[in-house]
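Undergrad: Here you go, one structure.
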Amino acid sequence: MPAPEPVTGLILSGGGARAAYQVGVLAGIADLLPLGASNPFPVIVGTSAGAINAVTLASGAIHFSETIRRLTDFWEGFRSHLVLRSDWPGVIRQASRFVGHSLLGLGSQVPVALVDSSPLRKLLNSHLDLNGISEAINQHHLRAVAVTAFGYESGQAVTFYQGRGAIDPWLRHRRIGLPTQLSVDHLLASSAIPLLFAPVKIAQQYFGDGAVRQSAPISPALHLGASRVLVVGVSGNPRGPTASDPRQQHFSGKQPSLAQIGGHMLNSTFIDNLEDDIELLQRLNHFSHLLPSDLQPRRLGLAPVEVLVIAPSQPIDEIAARHRHELPAALRVFLRGPGATKTSGAGVLSYLLFEAGYCSELIELGRRDALAKRGELCRFLGVQPPEH
């Protein structure tokens, strides 16, 4: 009996403005595919800003290359004011509300965050045609698309998915899958970075960024039928040869700034769980290959899952630091106090720098990193490498 055709899943992790890197990787993949090629990812899963990219791609899955071009133009045209209030009145008002309500207990009981992200809703409503998801599913260009958000009351990572046929919901420890008709609210909830962006109410519960407590970021793609996955990460600090040996590193001895602490907290939320899940999956793959054939790894739930990872080859924090001058004046002053405009605090800046120069450099980096793996990508996707 011939083996079933593999189902390829695409995992787009979160990370605010860092998600521009994913667009570059997708653009590189589009360059490797034949002209007019259909969507190579039947299963698409996104978290945080990766959810916006995932749903945009799913909405235009029938015209893959054209959708990638539109997504590239979308990110290359970014300005902070399209995502959050970056004018003086908006920044001062939001900062005052945050201090008054969240720190002093003053004012009405409304979700308050450090920045006002209300412009993002308008941007997504004008940018997305979510009807394209159903059309792509009906024409078999897409099996399922999913976004993950974190429920502040339940403490669960909830994956909202829209797919073809009867895909069973799932319930695991602190993570569940729910079928639904995806909306802009799901994207806003999934990308609502804690404290920075306000949580979003869906049904009876407020949700925030899906990367919070998402212990198994790859799992939703497997539940939705993927048998192999391409993971596009946004880690900004590639492991170097001396990264694990503190004796060979230079330390300044200075007390960390608030932004430096915040940057590490954001990295632990957006990056660590994904990297841990990849490592666990690779270990399970290795274990399944060691099992005797008569034990049938598939029956034990240990069927190997091929994983290909593409992550930034350069530190994103350093790229953000080079573009800090692009920030609007009000935001630059607002972020200067915690130290986010300094090189040591550029981790926070890298998530909030929704400006064209920074996003364009990340897109170009993603394209280069994808093309640097052209052989692996073409083998993984089952296409012939294009002629030079």
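Ordered as shown in the structure tokens, chains take letters A, B, and onward, while each chain numbers its residues from 1 and ligands are numbered from 1 in the order shown.
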For Arg143 in chain A, work out the shell of residues within 7 Å, counting only C-alpha atoms and skipping chain neighbours fewer than 4 positions away, then give it as a list in words.
TA: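 Those residues are Pro42, Val43, Ile137, Gly163 and Arg164 of chain A.
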Undergrad: For those residues, write C-alpha atoms to a file as a PDB file, in the first residue's frame.
TA:
```pdb
ATOM      1  CA  PRO A  42      -2.324  23.109   3.214  1.00  0.00           C
ATOM      2  CA  VAL A  43      -2.096  23.769   6.961  1.00  0.00           C
ATOM      3  CA  ILE A 137     -10.891  25.655   1.533  1.00  0.00           C
ATOM      4  CA  GLY A 163     -10.852  24.122   8.134  1.00  0.00           C
ATOM      5  CA  ARG A 164     -12.204  21.613   5.694  1.00  0.00           C
TER       6      ARG A 164
END
```
Undergrad: In range 18-211 of chain A, what's strand (DSSP E) per DSSP? Answer as a VMD selection string?
TA: chain A and resid 43 to 47 144 to 151 157 to 163 170 to 172 175 to 179 200 to 202 205 to 209
Undergrad: Select from range 4-46 of chain A everything DSSP, run on the backbone, classes as helix (DSSP H, G or I), then give the selection as a PyMOL selection string.
TA: chain A and resi 16-32
Undergrad: Of the candidates A:Pro315, A:Pro328, A:Gly9, A:Pro89, which one gets nearest to Ala54 in chain A if we count only C-alpha atoms?
TA: A:Gly9
Undergrad: Which is closest to Ser154 in chain A among A:Phe334, A:Tyr206, A:Tyr351, A:Phe197, if we use only C-alpha atoms?
TA: A:Tyr206
Undergrad: Just to confirm, what's the straight-line distance from CA of Gln181 in chain A to CA of Leu12 in chain A in Å (one decimal)?
TA: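 Distance reported for this atom pair: 19.7 Å.
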Undergrad: Applying 6 Å and only C-alpha atoms, which residues near Phe64 in chain A remain after dropping the ones on its own chain fewer than 2 positions away? List them as a list in words.
TA: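 Near neighbours after the sequence-gap exclusion: Ser38, Asn39, Ala61, Ile62, Glu66 and Thr67 of chain A.
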Undergrad: Which residue gives the smallest distance to Gly24 in chain A among A:Phe41, A:Tyr152, A:Phe74, A:Trp170, with only C-alpha atoms counted?
TA: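 Result for the nearest residue to Gly24 in chain A: A:Phe74.
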Undergrad: By how many Å are CA of Gly210 in chain A and CA of Gly151 in chain A apart?
TA: 8.5 Å
Undergrad: Quick one: residues within 12 Å of Arg93 in chain A, only C-alpha atoms, excluding same-chain residues fewer than 3 positions away - as a list in words?
TA: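 Here the qualifying residues turn out to be Arg85, Ser86, Asp87, Trp88, Pro89, Gly90, Ser96, Arg97, Phe98, Val99, Gly100, His101, Val112, Ala113, Leu114, Val115, Asp116, Ala330 and Phe334 of chain A.
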Undergrad: Which residue out of A:Ala149, A:Ile319, A:Val305, A:Ile29 has the minimum interatomic distance to Ser219 in chain A when only C-alpha atoms are used?
TA: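 Once distances to Ser219 in chain A are computed over only C-alpha atoms, the minimum belongs to A:Val305.
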Undergrad: Can you list every residue of range 153-214 of chain A that has an atom at most 12 Å from range 352-360 of chain A, with its nearest atom pair and the distance in Å to one decimal, using only C-alpha atoms, ordered by chain then number, as CSV?
TA:
```
residue,atom,partner,partner_atom,distance
A:Ser191,CA,A:Leu352,CA,11.9
A:Ala192,CA,A:Leu352,CA,11.9
A:Ile193,CA,A:Leu352,CA,10.2
A:Leu196,CA,A:Leu352,CA,9.2
A:Phe197,CA,A:Leu352,CA,10.6
```
Undergrad: Write out as JSON, numbers by chain the residues lying within 12 Å of Glu361 in chain A, counting only C-alpha atoms and excluding same-chain residues fewer than 4 positions away.
TA: {"A": [17, 18, 19, 20, 21, 22, 23, 24, 72, 75, 76, 312, 314, 316, 318, 319, 320, 322, 323, 353, 354, 355, 356, 357, 365, 366, 367, 368]}
Undergrad: Would you please work out which residue, of A:Ile68, A:Thr180, A:Gly50, A:Ser118, is nearest to Ala198 in chain A when using only C-alpha atoms?
TA: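 Between A:Ile68, A:Thr180, A:Gly50, A:Ser118, the residue approaching Ala198 in chain A most closely is A:Ser118.
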